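A.B. asks: Data: upload.txt, compact mmCIF, C-alpha atoms.
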# COMPACT_ATOMS: atom_id res chain seq x y z
CA MET A 27 -113.69 208.49 142.92
CA PRO A 28 -115.21 208.76 139.42
CA SER A 29 -114.93 205.69 137.27
CA LEU A 30 -112.57 205.54 134.31
CA LYS A 31 -115.44 205.42 131.91
CA SER A 32 -117.13 208.57 133.17
CA LEU A 33 -113.80 210.42 133.07
CA ARG A 34 -113.24 209.34 129.48
CA LEU A 35 -116.68 210.59 128.53
CA ARG A 36 -116.09 213.95 130.15
CA ILE A 37 -112.75 214.40 128.42
CA ASN A 38 -114.35 213.70 125.08
CA SER A 39 -117.19 216.09 125.68
CA VAL A 40 -114.85 218.93 126.70
CA LYS A 41 -112.75 218.22 123.64
CA SER A 42 -115.68 218.65 121.33
CA THR A 43 -116.67 221.85 123.14
CA ARG A 44 -113.17 223.14 122.52
CA LYS A 45 -113.48 222.35 118.84
CA ILE A 46 -116.66 224.39 118.64
CA THR A 47 -115.31 227.40 120.52
CA GLN A 48 -112.18 227.34 118.42
CA ALA A 49 -114.19 227.35 115.21
CA MET A 50 -116.37 230.20 116.52
CA LYS A 51 -113.26 232.18 117.33
CA MET A 52 -111.96 231.78 113.78
CA VAL A 53 -115.29 232.80 112.30
CA ALA A 54 -115.48 235.82 114.58
CA ALA A 55 -111.94 236.84 113.62
CA ALA A 56 -112.76 236.71 109.92
CA LYS A 57 -115.98 238.65 110.37
CA LEU A 58 -114.23 241.15 112.61
CA ARG A 59 -111.81 241.97 109.84
CA ARG A 60 -114.68 242.60 107.45
CA ALA A 61 -116.61 244.69 109.96
CA GLN A 62 -113.53 246.74 110.73
CA SER A 63 -112.83 247.54 107.11
CA GLN A 64 -116.46 248.52 106.63
CA ALA A 65 -116.22 250.84 109.61
CA GLU A 66 -113.07 252.36 108.19
CA ALA A 67 -114.65 252.86 104.78
CA ALA A 68 -117.45 254.86 106.39
CA ARG A 69 -115.10 257.22 108.16
CA PRO A 70 -114.23 259.65 105.30
CA TYR A 71 -117.89 260.49 104.75
CA ALA A 72 -118.53 261.13 108.42
CA GLU A 73 -115.47 263.36 108.68
CA ARG A 74 -116.41 265.49 105.71
CA MET A 75 -120.00 265.68 106.84
CA GLU A 76 -118.79 267.00 110.16
CA ARG A 77 -116.67 269.64 108.46
CA MET A 78 -119.55 270.80 106.33
CA LEU A 79 -121.92 270.87 109.26
CA ALA A 80 -119.46 272.92 111.28
CA SER A 81 -119.23 275.63 108.63
CA LEU A 82 -122.98 275.62 108.13
CA GLY A 83 -124.62 275.07 111.48
CA ALA A 84 -123.07 277.88 113.47
CA SER A 85 -124.67 280.54 111.29
CA VAL A 86 -128.17 279.09 111.50
CA ALA A 87 -128.26 277.91 115.11
CA GLY A 88 -129.12 281.35 116.49
CA ALA A 89 -132.07 281.90 114.16
CA PRO A 90 -135.54 281.61 115.74
CA ASP A 91 -136.87 279.24 113.07
CA ALA A 92 -133.86 276.91 113.11
CA PRO A 93 -134.78 273.31 112.29
CA LYS A 94 -135.89 271.12 115.18
CA LEU A 95 -133.30 268.49 114.41
CA LEU A 96 -130.59 271.03 115.15
CA VAL A 97 -131.90 272.82 118.21
CA GLY A 98 -134.44 270.36 119.60
CA THR A 99 -137.88 271.35 120.79
CA GLY A 100 -136.55 273.72 123.41
CA ALA A 101 -137.92 271.57 126.21
CA ASP A 102 -136.05 268.96 128.23
CA LYS A 103 -138.89 266.78 129.42
CA VAL A 104 -139.03 263.57 127.41
CA HIS A 105 -135.83 261.71 126.69
CA LEU A 106 -135.50 259.12 123.97
CA LEU A 107 -132.72 256.57 124.36
CA VAL A 108 -131.63 254.56 121.36
CA VAL A 109 -129.85 251.49 122.68
CA VAL A 110 -127.75 249.57 120.19
CA THR A 111 -126.70 246.01 121.01
CA ALA A 112 -125.83 242.82 119.19
CA GLU A 113 -128.28 240.25 117.88
CA ARG A 114 -126.62 237.28 119.47
CA GLY A 115 -124.81 236.34 122.62
CA LEU A 116 -121.70 234.29 123.34
CA CYS A 117 -119.67 237.45 123.36
CA GLY A 118 -118.64 237.99 126.97
CA GLY A 119 -119.96 241.11 128.63
CA PHE A 120 -120.61 242.99 125.41
CA ASN A 121 -124.40 243.23 125.59
CA THR A 122 -124.59 243.34 129.35
CA ASN A 123 -122.29 246.34 129.50
CA VAL A 124 -124.48 248.41 127.21
CA GLY A 125 -127.56 247.19 129.04
CA ARG A 126 -126.20 248.22 132.41
CA PHE A 127 -125.10 251.57 131.07
CA ALA A 128 -128.56 252.17 129.62
CA ARG A 129 -130.23 251.10 132.84
CA ALA A 130 -128.12 253.52 134.85
CA GLN A 131 -129.04 256.29 132.41
CA VAL A 132 -132.74 255.55 132.65
CA ARG A 133 -132.62 255.53 136.45
CA ALA A 134 -130.67 258.78 136.55
CA LEU A 135 -133.08 260.52 134.17
CA GLU A 136 -136.13 259.29 136.00
CA ALA A 137 -134.66 260.40 139.31
CA GLU A 138 -134.59 263.89 137.80
CA GLY A 139 -138.27 263.57 136.98
CA LYS A 140 -137.93 263.17 133.21
CA THR A 141 -139.96 260.81 131.09
CA VAL A 142 -137.93 258.15 129.30
CA LYS A 143 -138.69 256.33 126.07
CA ILE A 144 -136.50 253.61 124.65
CA ILE A 145 -135.84 252.31 121.17
CA THR A 146 -133.79 249.15 121.12
CA VAL A 147 -131.73 248.14 118.12
CA GLY A 148 -130.62 244.54 118.36
CA ARG A 149 -132.42 241.67 120.00
CA LYS A 150 -130.19 241.29 123.05
CA GLY A 151 -130.71 244.80 124.32
CA ALA A 152 -134.47 244.42 124.06
CA VAL A 153 -134.37 241.24 126.11
CA PHE A 154 -132.17 242.84 128.73
CA LEU A 155 -134.14 246.06 129.13
CA LYS A 156 -137.54 244.41 129.02
CA ARG A 157 -136.93 242.95 132.43
CA ASP A 158 -136.97 246.38 134.09
CA PHE A 159 -138.38 248.85 131.63
CA ALA A 160 -140.85 246.99 129.43
CA SER A 161 -143.35 249.84 129.57
CA ARG A 162 -140.87 252.41 128.27
CA ILE A 163 -139.79 250.56 125.15
CA VAL A 164 -141.58 252.11 122.19
CA THR A 165 -139.97 250.23 119.30
CA GLU A 166 -137.75 247.22 118.90
CA ILE A 167 -135.63 247.07 115.80
CA SER A 168 -133.76 243.94 114.89
CA PHE A 169 -131.39 243.21 112.05
CA ALA A 170 -131.15 239.53 112.90
CA ASN A 171 -131.93 238.42 109.37
CA LYS A 172 -129.43 240.80 107.75
CA LYS A 173 -126.03 239.45 106.85
CA ARG A 174 -124.45 242.84 106.56
CA ILE A 175 -125.56 246.22 107.87
CA GLY A 176 -125.98 248.74 105.08
CA PHE A 177 -126.44 252.46 105.16
CA GLU A 178 -130.11 252.11 104.26
CA ASP A 179 -130.70 250.24 107.53
CA ALA A 180 -129.36 253.19 109.45
CA ALA A 181 -131.42 255.55 107.31
CA GLU A 182 -134.55 253.60 108.21
CA VAL A 183 -133.90 253.97 111.93
CA SER A 184 -133.13 257.65 111.55
CA ALA A 185 -136.34 258.23 109.57
CA LYS A 186 -138.26 256.70 112.44
CA ILE A 187 -136.55 258.99 114.92
CA SER A 188 -137.22 262.12 112.88
CA ASP A 189 -140.86 261.11 112.52
CA MET A 190 -141.13 260.84 116.27
CA LEU A 191 -139.51 264.23 116.65
CA ASP A 192 -141.96 265.79 114.18
CA ASN A 193 -144.83 264.37 116.16
CA GLY A 194 -143.38 265.87 119.31
CA GLU A 195 -142.89 262.53 121.00
CA PHE A 196 -139.59 263.46 122.64
CA ASP A 197 -137.32 266.43 123.31
CA VAL A 198 -133.83 265.01 123.64
CA CYS A 199 -132.44 261.95 121.88
CA THR A 200 -129.39 260.05 123.09
CA LEU A 201 -127.68 257.14 121.39
CA ILE A 202 -126.16 254.44 123.57
CA TYR A 203 -123.78 251.94 122.02
CA ASN A 204 -120.45 250.23 122.45
CA ARG A 205 -117.68 252.35 121.02
CA PHE A 206 -115.10 250.19 119.32
CA ARG A 207 -111.71 251.19 120.70
CA ASN A 208 -109.81 248.07 119.76
CA VAL A 209 -110.37 244.34 119.54
CA ILE A 210 -110.19 243.80 123.29
CA SER A 211 -111.80 246.95 124.57
CA GLN A 212 -115.24 248.33 123.82
CA THR A 213 -116.75 250.93 126.09
CA PRO A 214 -120.42 251.83 126.29
CA VAL A 215 -120.97 255.51 125.54
CA GLY A 216 -123.94 257.83 125.41
CA GLN A 217 -123.92 260.28 122.53
CA GLN A 218 -126.45 263.06 122.19
CA LEU A 219 -128.12 263.11 118.77
CA ILE A 220 -130.85 265.71 119.12
CA PRO A 221 -130.34 268.61 119.64
CA THR A 222 -127.34 268.16 117.39
CA PRO A 223 -124.11 269.04 119.13
CA LEU A 224 -122.27 271.19 116.61
CA PRO A 225 -118.66 270.39 115.91
CA GLU A 226 -116.36 273.37 116.39
CA ALA A 227 -115.81 275.28 113.16
CA SER A 228 -112.17 275.22 112.17
CA SER A 229 -110.22 278.46 112.38
CA GLU A 230 -109.75 278.74 108.61
CA GLY A 231 -112.93 280.76 108.38
CA GLY A 232 -115.84 278.58 107.27
CA ALA A 233 -118.18 281.55 106.95
CA LEU A 234 -116.96 282.49 103.48
CA TYR A 235 -119.07 279.91 101.69
CA GLU A 236 -121.80 280.72 99.27
CA PHE A 237 -124.85 278.50 99.41
CA GLU A 238 -127.07 277.14 96.70
CA PRO A 239 -129.98 276.87 97.33
CA THR A 240 -130.25 278.71 100.66
CA GLU A 241 -128.42 277.82 103.83
CA GLU A 242 -131.66 276.73 105.50
CA GLU A 243 -132.59 274.37 102.71
CA ILE A 244 -129.20 272.73 102.66
CA LEU A 245 -129.25 272.39 106.40
CA ALA A 246 -132.70 270.86 106.28
CA ARG A 247 -131.32 268.14 104.02
CA LEU A 248 -127.98 267.81 105.73
CA LEU A 249 -129.30 267.24 109.24
CA PRO A 250 -131.32 264.06 108.59
CA GLN A 251 -128.36 262.73 106.65
CA ASN A 252 -126.11 263.52 109.58
CA LEU A 253 -128.45 261.72 111.94
CA ALA A 254 -128.37 258.67 109.70
CA ILE A 255 -124.62 258.73 109.44
CA GLN A 256 -124.21 258.90 113.21
CA LEU A 257 -126.49 255.90 113.55
CA TYR A 258 -124.64 254.10 110.79
CA ARG A 259 -121.38 254.68 112.59
CA ALA A 260 -122.84 253.34 115.82
CA LEU A 261 -124.18 250.26 114.03
CA LEU A 262 -120.81 249.55 112.47
CA ASP A 263 -118.99 250.08 115.75
CA ASN A 264 -121.48 247.75 117.34
CA ALA A 265 -120.89 245.07 114.72
CA ALA A 266 -117.11 245.33 114.91
CA GLY A 267 -117.21 245.39 118.70
CA PHE A 268 -119.47 242.37 118.80
CA TYR A 269 -117.11 240.26 116.74
CA GLY A 270 -114.11 241.51 118.68
CA SER A 271 -115.80 240.65 121.92
CA GLN A 272 -116.92 237.29 120.65
CA MET A 273 -113.42 236.50 119.48
CA THR A 274 -111.96 237.28 122.90
CA ALA A 275 -114.68 235.34 124.70
CA MET A 276 -114.21 232.30 122.48
CA ASP A 277 -110.44 232.50 122.85
CA ASN A 278 -110.84 232.37 126.60
CA ALA A 279 -113.30 229.52 126.34
CA THR A 280 -110.88 227.56 124.18
CA ARG A 281 -108.09 228.11 126.65
CA ASN A 282 -110.23 227.11 129.60
CA ALA A 283 -111.31 223.97 127.80
CA GLY A 284 -107.65 223.10 127.21
CA GLU A 285 -106.88 223.54 130.90
CA MET A 286 -109.83 221.41 131.86
CA ILE A 287 -108.78 218.67 129.49
CA ASN A 288 -105.32 218.64 131.05
CA LYS A 289 -106.72 218.35 134.54
CA LEU A 290 -109.14 215.62 133.59
CA THR A 291 -106.45 213.69 131.75
CA LEU A 292 -104.19 213.83 134.80
CA ASN A 293 -107.03 212.62 136.95
CA TYR A 294 -107.81 209.85 134.47
CA ASN A 295 -104.20 208.64 134.41
CA ARG A 296 -103.95 208.68 138.20
CA THR A 297 -107.11 206.66 138.54
CA ARG A 298 -105.91 204.17 135.95
CA GLN A 299 -102.57 203.82 137.75
CA ALA A 300 -104.31 203.35 141.08
CA ASN A 301 -106.43 200.58 139.62
CA ILE A 302 -103.38 198.77 138.25
CA THR A 303 -101.53 199.07 141.55
CA ARG A 304 -104.51 197.72 143.43
CA GLU A 305 -104.80 194.73 141.12
CA LEU A 306 -101.10 194.00 141.46
CA ILE A 307 -101.36 194.09 145.26
CA GLU A 308 -104.29 191.71 145.09
CA ILE A 309 -102.40 189.25 142.88
CA ILE A 310 -99.22 189.40 144.96
CA SER A 311 -100.98 188.97 148.26
CA GLY A 312 -103.00 186.14 146.75
CA ALA A 313 -99.79 184.41 145.61
CA GLU A 314 -98.17 184.85 149.02
CA ALA A 315 -101.12 183.28 150.75
CA LEU A 316 -100.63 180.02 148.86
CA MET B 2 -104.41 273.22 82.87
CA ALA B 3 -104.65 273.78 86.59
CA SER B 4 -106.11 270.93 88.53
CA PHE B 5 -107.84 270.50 91.87
CA GLN B 6 -108.45 267.66 94.26
CA LEU B 7 -111.77 265.91 93.72
CA GLU B 8 -113.14 263.66 96.41
CA LEU B 9 -116.29 261.63 96.01
CA VAL B 10 -117.50 259.82 99.12
CA SER B 11 -120.62 257.81 99.78
CA PRO B 12 -121.58 256.68 103.30
CA GLU B 13 -120.21 253.26 102.52
CA LYS B 14 -116.89 254.15 100.94
CA LEU B 15 -114.49 256.62 99.41
CA LEU B 16 -115.01 256.30 95.67
CA LEU B 17 -112.67 258.81 94.18
CA SER B 18 -109.87 260.97 95.44
CA ARG B 19 -107.49 262.46 92.91
CA ALA B 20 -106.51 265.60 91.05
CA VAL B 21 -108.75 266.45 88.09
CA GLU B 22 -109.14 269.44 85.78
CA MET B 23 -112.86 269.84 85.67
CA ALA B 24 -115.92 268.29 87.18
CA VAL B 25 -119.53 268.77 86.13
CA ILE B 26 -121.87 268.23 89.04
CA PRO B 27 -125.67 268.09 89.05
CA ALA B 28 -126.46 270.90 91.50
CA ALA B 29 -130.03 271.28 92.70
CA GLU B 30 -130.52 274.36 90.53
CA GLY B 31 -128.81 273.17 87.39
CA GLU B 32 -125.63 271.56 86.14
CA MET B 33 -122.51 273.24 87.40
CA GLY B 34 -119.02 273.01 85.95
CA VAL B 35 -116.23 273.43 88.44
CA LEU B 36 -112.66 274.38 87.56
CA ALA B 37 -109.73 275.00 89.86
CA GLY B 38 -109.98 278.27 91.76
CA HIS B 39 -113.77 278.25 92.09
CA ALA B 40 -115.28 280.47 94.77
CA PRO B 41 -116.07 278.56 97.99
CA MET B 42 -119.59 277.15 97.87
CA ILE B 43 -121.77 274.54 99.44
CA VAL B 44 -124.42 273.17 97.10
CA ALA B 45 -127.11 270.57 97.36
CA LEU B 46 -127.20 267.96 94.59
CA ARG B 47 -130.10 266.36 92.79
CA GLY B 48 -129.97 262.94 91.17
CA GLY B 49 -127.74 263.09 88.13
CA VAL B 50 -124.42 262.30 86.56
CA ILE B 51 -121.06 263.64 87.67
CA SER B 52 -118.57 263.84 84.84
CA VAL B 53 -114.88 264.24 85.40
CA ARG B 54 -112.75 265.80 82.68
CA GLU B 55 -109.04 265.54 82.25
CA GLY B 56 -107.13 266.79 79.22
CA GLY B 57 -110.33 267.81 77.48
CA GLN B 58 -111.70 264.26 77.69
CA VAL B 59 -114.44 262.91 79.89
CA THR B 60 -112.56 260.30 81.91
CA GLU B 61 -115.14 259.23 84.38
CA GLN B 62 -118.91 259.34 84.81
CA LEU B 63 -120.75 258.43 87.96
CA PHE B 64 -124.39 258.57 88.85
CA VAL B 65 -125.30 260.09 92.22
CA ALA B 66 -128.75 259.86 93.76
CA GLY B 67 -128.39 263.15 95.60
CA GLY B 68 -126.18 264.67 98.23
CA PHE B 69 -124.01 267.71 98.81
CA ALA B 70 -120.86 269.22 97.42
CA GLU B 71 -118.40 271.46 99.12
CA VAL B 72 -116.42 273.55 96.66
CA ALA B 73 -113.20 275.30 97.65
CA PRO B 74 -110.53 276.84 95.37
CA ASP B 75 -108.22 273.84 95.64
CA ARG B 76 -110.60 270.98 96.31
CA VAL B 77 -114.12 269.71 95.80
CA THR B 78 -115.72 267.26 98.19
CA ILE B 79 -118.87 265.51 97.10
CA LEU B 80 -120.94 263.74 99.71
CA ALA B 81 -123.16 261.48 97.67
CA ASP B 82 -126.12 259.62 99.16
CA GLU B 83 -125.28 256.84 96.80
CA ALA B 84 -122.88 256.72 93.87
CA THR B 85 -122.48 254.20 91.06
CA PRO B 86 -120.18 254.31 88.05
CA LEU B 87 -122.31 254.78 84.94
CA ALA B 88 -121.05 251.55 83.39
CA SER B 89 -122.34 249.39 86.23
CA LEU B 90 -125.78 251.01 86.40
CA SER B 91 -128.56 248.52 85.80
CA LYS B 92 -131.51 249.55 83.71
CA SER B 93 -134.01 247.22 85.31
CA GLU B 94 -132.99 248.25 88.80
CA ALA B 95 -133.38 251.90 87.90
CA GLN B 96 -136.84 251.29 86.48
CA GLN B 97 -137.87 249.34 89.53
CA ARG B 98 -136.71 252.17 91.73
CA LEU B 99 -138.66 254.67 89.67
CA ALA B 100 -141.79 252.58 90.06
CA GLU B 101 -141.27 252.40 93.82
CA ALA B 102 -140.68 256.12 94.08
CA GLU B 103 -143.81 256.89 92.08
CA ALA B 104 -145.84 254.61 94.28
CA ALA B 105 -144.46 256.37 97.34
CA LEU B 106 -145.36 259.73 95.86
CA SER B 107 -148.96 258.79 95.22
CA ALA B 108 -149.14 257.31 98.71
CA ALA B 109 -147.91 260.60 100.14
CA ALA B 110 -150.64 262.63 98.45
CA ASN B 111 -152.34 263.44 101.75
CA GLU B 112 -149.19 263.99 103.76
CA THR B 113 -147.49 267.21 104.80
CA PRO B 114 -145.89 269.33 102.07
CA GLU B 115 -142.38 268.41 103.28
CA LYS B 116 -143.13 264.72 102.90
CA ARG B 117 -144.60 265.24 99.44
CA GLU B 118 -141.55 267.20 98.45
CA ALA B 119 -139.22 264.46 99.68
CA ALA B 120 -141.20 261.88 97.70
CA MET B 121 -141.09 264.12 94.64
CA ALA B 122 -137.31 264.46 95.00
CA ARG B 123 -137.08 260.68 95.09
CA VAL B 124 -139.07 260.37 91.88
CA LEU B 125 -136.89 262.95 90.14
CA SER B 126 -133.74 261.22 91.31
CA ALA B 127 -135.03 257.84 90.10
CA ARG B 128 -136.01 259.36 86.77
CA ALA B 129 -132.50 260.73 86.38
CA MET B 130 -131.17 257.27 87.17
CA VAL B 131 -133.27 255.67 84.46
CA GLU B 132 -132.10 258.26 81.95
CA ALA B 133 -128.49 257.75 82.94
CA ALA B 134 -128.88 253.99 82.65
CA LEU B 135 -130.43 254.29 79.21
CA ALA B 136 -127.70 256.61 78.02
CA ALA B 137 -124.91 254.37 79.27
What is this file in structure tokens?

C.D. replies:
Amino acid sequence: MPSLKSLRLRINSVKSTRKITQAMKMVAAAKLRRAQSQAEAARPYAERMERMLASLGASVAGAPDAPKLLVGTGADKVHLLVVVTAERGLCGGFNTNVGRFARAQVRALEAEGKTVKIITVGRKGAVFLKRDFASRIVTEISFANKKRIGFEDAAEVSAKISDMLDNGEFDVCTLIYNRFRNVISQTPVGQQLIPTPLPEASSEGGALYEFEPTEEEILARLLPQNLAIQLYRALLDNAAGFYGSQMTAMDNATRNAGEMINKLTLNYNRTRQANITRELIEIISGAEAL
Amino acid sequence: MASFQLELVSPEKLLLSRAVEMAVIPAAEGEMGVLAGHAPMIVALRGGVISVREGGQVTEQLFVAGGFAEVAPDRVTILADEATPLASLSKSEAQQRLAEAEAALSAAANETPEKREAAMARVLSARAMVEAALAA
């Protein structure tokens, strides 16, 4: 049986752990709210961009000299995966889920005989994928020293991707990240970026637009912007999902710590009682012997 | 006077969404005044100032660094790369950006024509920003 002193020490240590996890939960909740409102603020732009792209893209997609960003290189040989994860851990299965999803994708693609290249965004994903696929990682991007993800961060990543496309380093680009569904549930998804999947044009006849300058020129400017906005959305979803996940994980940890404290306290009290009873028996039997 | 719905969005937020009478937008090929009932158009924007008019008065002025506008008879949607109200534009920041853009342009001298053009567009946009900041 553990001594009273060691039990007391353990209770105290679990109590201070609970304090920490509780504080982390509060911090995550506050940051989650901020991340969520940022994600919401970005939505109108993405929606309108989609609408514009729908009315524009359909008319150009068939042309033989359509931009590469829209139609890809025509081949399907080299796949680029952009894997977005968080910078830090202590967030339950958040990073592992994306990592596993990415790993399954890589295996599936390689089984089909394709070449795979990986760009990781976020430190955790890089660490996870390095174990199995170190040779396929071309770039690691980390925003660890950024307090808040801005649009220009996404634009930087997208510029890198378009550069690679121009140099013919890949044919198909897929983005893998945790889609933020709600605070408790984030699901890893793979979203194709290049060739750009065109949103369906609405039935109200988008073809009536005039263009200034030409359609091609507008499209050439719109597509990189669209790429950046998709990445931006993924980064924001990732941030919101990370805090949501961290909040849930820390909530669980706090609850578990509470349970553990209860059990240990019960154990402590029983041991104390047993000691007292034993001493009493000793005294009484000593007195009787006299 | 008839009015239309003007929406100005940047990637980071929705800046403006209300009914206005007229908007002057810096289209890539020259300033363009839009009234209600304009023919449907999609235009690219260069760096410049968007002015909103209501009741014959300029009620709002915002600087955009570039972007796109979708014009329809009853609404105008502007997708700005970056938008700042003229009043909160900082002169020193604009000048710093111009310097950066010019440096990027001279660095791109040996690059492909597309890259040079993009760098040139950045310089022009930064120059417009400096002008807007000085005028404010």

A.B. asks: Give me, as CSV, each residue of chain A that comes within 10 Å of chain B, together with its shortest interatomic pair and the distance in Å at one decimal, counting all atoms listed in the file, with rows ordered by chain and rising residue number.

C.D. replies:
residue,atom,partner,partner_atom,distance
A:Ser63,CA,B:Lys14,CA,9.9
A:Gln64,CA,B:Glu13,CA,7.3
A:Ala65,CA,B:Glu13,CA,8.5
A:Glu66,CA,B:Lys14,CA,8.4
A:Ala67,CA,B:Lys14,CA,4.6
A:Ala68,CA,B:Glu13,CA,5.0
A:Arg69,CA,B:Lys14,CA,8.0
A:Pro70,CA,B:Leu15,CA,6.6
A:Tyr71,CA,B:Pro12,CA,5.5
A:Ala72,CA,B:Pro12,CA,7.4
A:Arg74,CA,B:Leu80,CA,7.7
A:Met75,CA,B:Leu80,CA,7.4
A:Arg77,CA,B:Glu71,CA,9.7
A:Met78,CA,B:Glu71,CA,7.3
A:Ser81,CA,B:Ile43,CA,9.6
A:Leu82,CA,B:Ile43,CA,8.8
A:Gly176,CA,B:Glu13,CA,7.8
A:Phe177,CA,B:Pro12,CA,6.7
A:Glu178,CA,B:Pro12,CA,9.7
A:Gly232,CA,B:Pro41,CA,9.3
A:Ala233,CA,B:Pro41,CA,9.7
A:Leu234,CA,B:Pro41,CA,6.8
A:Tyr235,CA,B:Met42,CA,4.7
A:Glu236,CA,B:Met42,CA,4.4
A:Phe237,CA,B:Ile43,CA,5.0
A:Glu238,CA,B:Val44,CA,4.8
A:Pro239,CA,B:Val44,CA,6.7
A:Thr240,CA,B:Val44,CA,8.8
A:Glu241,CA,B:Ile43,CA,8.6
A:Glu243,CA,B:Ala45,CA,8.5
A:Ile244,CA,B:Ala45,CA,6.1
A:Leu245,CA,B:Ala45,CA,9.5
A:Arg247,CA,B:Ala45,CA,8.2
A:Leu248,CA,B:Phe69,CA,8.0
A:Gln251,CA,B:Asp82,CA,8.4
A:Ala254,CA,B:Pro12,CA,9.5
A:Ile255,CA,B:Pro12,CA,7.2
A:Tyr258,CA,B:Pro12,CA,8.5
A:Arg259,CA,B:Pro12,CA,9.5

A.B. asks: Tell me, as a list in words, which residues lie within 12 Å of Ala133 in chain B, counting only C-alpha atoms; anything in the same chain fewer than 5 positions away does not count.

C.D. replies: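 Counting only the stated atoms, we get Gly48, Gly49, Val50, Ile51, Ser52, Gln62, Leu63, Phe64, Val65, Ala66, Thr85, Pro86, Leu87, Ala88, Ser89, Leu90, Ser91, Lys92, Ala95, Gln96, Ser126, Ala127 and Arg128 of chain B.
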
A.B. asks: Restricting the calculation to all atoms listed in the file: of B:Leu36, B:Val25, B:Ala129, B:Ala105, which residue gets closest to Gln6 in chain B?

C.D. replies: B:Leu36

A.B. asks: Find the distance between CA of Thr111 in chain A and CA of Gly194 in chain A and write it in Å to one decimal.

C.D. replies: 26.0 Å

A.B. asks: Write out as a PyMOL selection string each polymer residue whose atoms come within 9 Å of Phe169 in chain A, counting all atoms listed in the file; drop sequence neighbours fewer than 2 positions from it.

C.D. replies: chain A and resi 113+147-149+167+171-175+179

A.B. asks: For Gly38 in chain B, please output as a PyMOL selection string all residues within 9 Å (counting only C-alpha atoms; exclusion window: fewer than 6 positions along the same chain).

C.D. replies: chain B and resi 3-5+73-76

A.B. asks: Identify the residues around (-126.6, 254.8, 122.8) within a radius of 12 Å, measuring from only C-alpha atoms in the coordinates stated by the file, and give them as a ChimeraX atom specification.

C.D. replies: /A:106-111,123-129,131-132,144-148,151,199-205,213-219,256-257,259-261,263-264

A.B. asks: Residues at most 12 Å from Met286 in chain A, counting all atoms listed in the file, excluding those fewer than 2 positions away in the same chain, as a list in words?

C.D. replies: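 The contact residues come out as Leu33, Arg36, Ile37, Asn38, Ser39, Val40, Lys41, Thr43, Arg44, Ala279, Thr280, Arg281, Asn282, Ala283, Gly284, Asn288, Lys289, Leu290, Thr291, Leu292 and Asn293 of chain A.
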
A.B. asks: Can you measure CA of Gly100 in chain A to CA of Ala181 in chain A for me? One decimal in Å is fine.

C.D. replies: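 We find that CA of Gly100 in chain A and CA of Ala181 in chain A lie 24.8 Å from each other.
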
A.B. asks: For each of B:Met2, B:Val77, B:Ala102, B:Leu17, take the minimum atom-to-atom distance to Glu55 in chain B, counting all atoms listed in the file, then give the residue where this is smallest.

C.D. replies: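 Of all the options, B:Met2 lies closest to Glu55 in chain B.
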
A.B. asks: Please indicate the distance in Å from CA of Glu166 in chain A to CA of Ala152 in chain A, rounded to one decimal place.

C.D. replies: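 Answer for the CA of Glu166 in chain A to CA of Ala152 in chain A separation: 6.7 Å.
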
A.B. asks: Please put the answer as AutoDock Vina command-line options: centre and edge lengths, in Å with one decimal, of a box along x, y and z that encloses all listed atoms of range 20-29 of chain B plus 6 Å on each side.

C.D. replies:
--center_x -118.3 --center_y 268.4 --center_z 89.2 --size_x 35.5 --size_y 17.7 --size_z 19.0

A.B. asks: Using only C-alpha atoms, which of A:Ala246, A:Val142, A:Leu306, A:Ala180 sits nearest Val164 in chain A?

C.D. replies: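 Under the stated criterion, the closest residue is A:Val142.
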
A.B. asks: Can you save range 22-30 of chain B of the given block to a file, including N, CA and C atoms and formatted as a PDB file, in the first residue's frame?

C.D. replies:
ATOM      1  N   GLU B  22     -25.805  55.287 -55.249  1.00  0.00           N
ATOM      2  CA  GLU B  22     -26.305  55.794 -56.522  1.00  0.00           C
ATOM      3  C   GLU B  22     -25.278  55.666 -57.631  1.00  0.00           C
ATOM      4  N   MET B  23     -24.030  55.867 -57.262  1.00  0.00           N
ATOM      5  CA  MET B  23     -22.997  55.811 -58.288  1.00  0.00           C
ATOM      6  C   MET B  23     -21.676  55.397 -57.655  1.00  0.00           C
ATOM      7  N   ALA B  24     -20.927  54.638 -58.408  1.00  0.00           N
ATOM      8  CA  ALA B  24     -19.601  54.270 -57.938  1.00  0.00           C
ATOM      9  C   ALA B  24     -18.614  54.488 -59.077  1.00  0.00           C
ATOM     10  N   VAL B  25     -17.468  55.080 -58.760  1.00  0.00           N
ATOM     11  CA  VAL B  25     -16.424  55.230 -59.762  1.00  0.00           C
ATOM     12  C   VAL B  25     -15.333  54.230 -59.413  1.00  0.00           C
ATOM     13  N   ILE B  26     -15.069  53.321 -60.360  1.00  0.00           N
ATOM     14  CA  ILE B  26     -14.082  52.287 -60.050  1.00  0.00           C
ATOM     15  C   ILE B  26     -12.897  52.364 -61.018  1.00  0.00           C
ATOM     16  N   PRO B  27     -11.709  52.105 -60.507  1.00  0.00           N
ATOM     17  CA  PRO B  27     -10.503  52.197 -61.338  1.00  0.00           C
ATOM     18  C   PRO B  27     -10.309  50.937 -62.183  1.00  0.00           C
ATOM     19  N   ALA B  28     -10.990  50.837 -63.296  1.00  0.00           N
ATOM     20  CA  ALA B  28     -10.848  49.667 -64.158  1.00  0.00           C
ATOM     21  C   ALA B  28      -9.475  49.676 -64.812  1.00  0.00           C
ATOM     22  N   ALA B  29      -9.043  48.515 -65.271  1.00  0.00           N
ATOM     23  CA  ALA B  29      -7.691  48.377 -65.808  1.00  0.00           C
ATOM     24  C   ALA B  29      -7.465  49.313 -66.998  1.00  0.00           C
ATOM     25  N   GLU B  30      -8.532  49.617 -67.722  1.00  0.00           N
ATOM     26  CA  GLU B  30      -8.360  50.463 -68.907  1.00  0.00           C
ATOM     27  C   GLU B  30      -8.970  51.843 -68.729  1.00  0.00           C
TER      28      GLU B  30
END
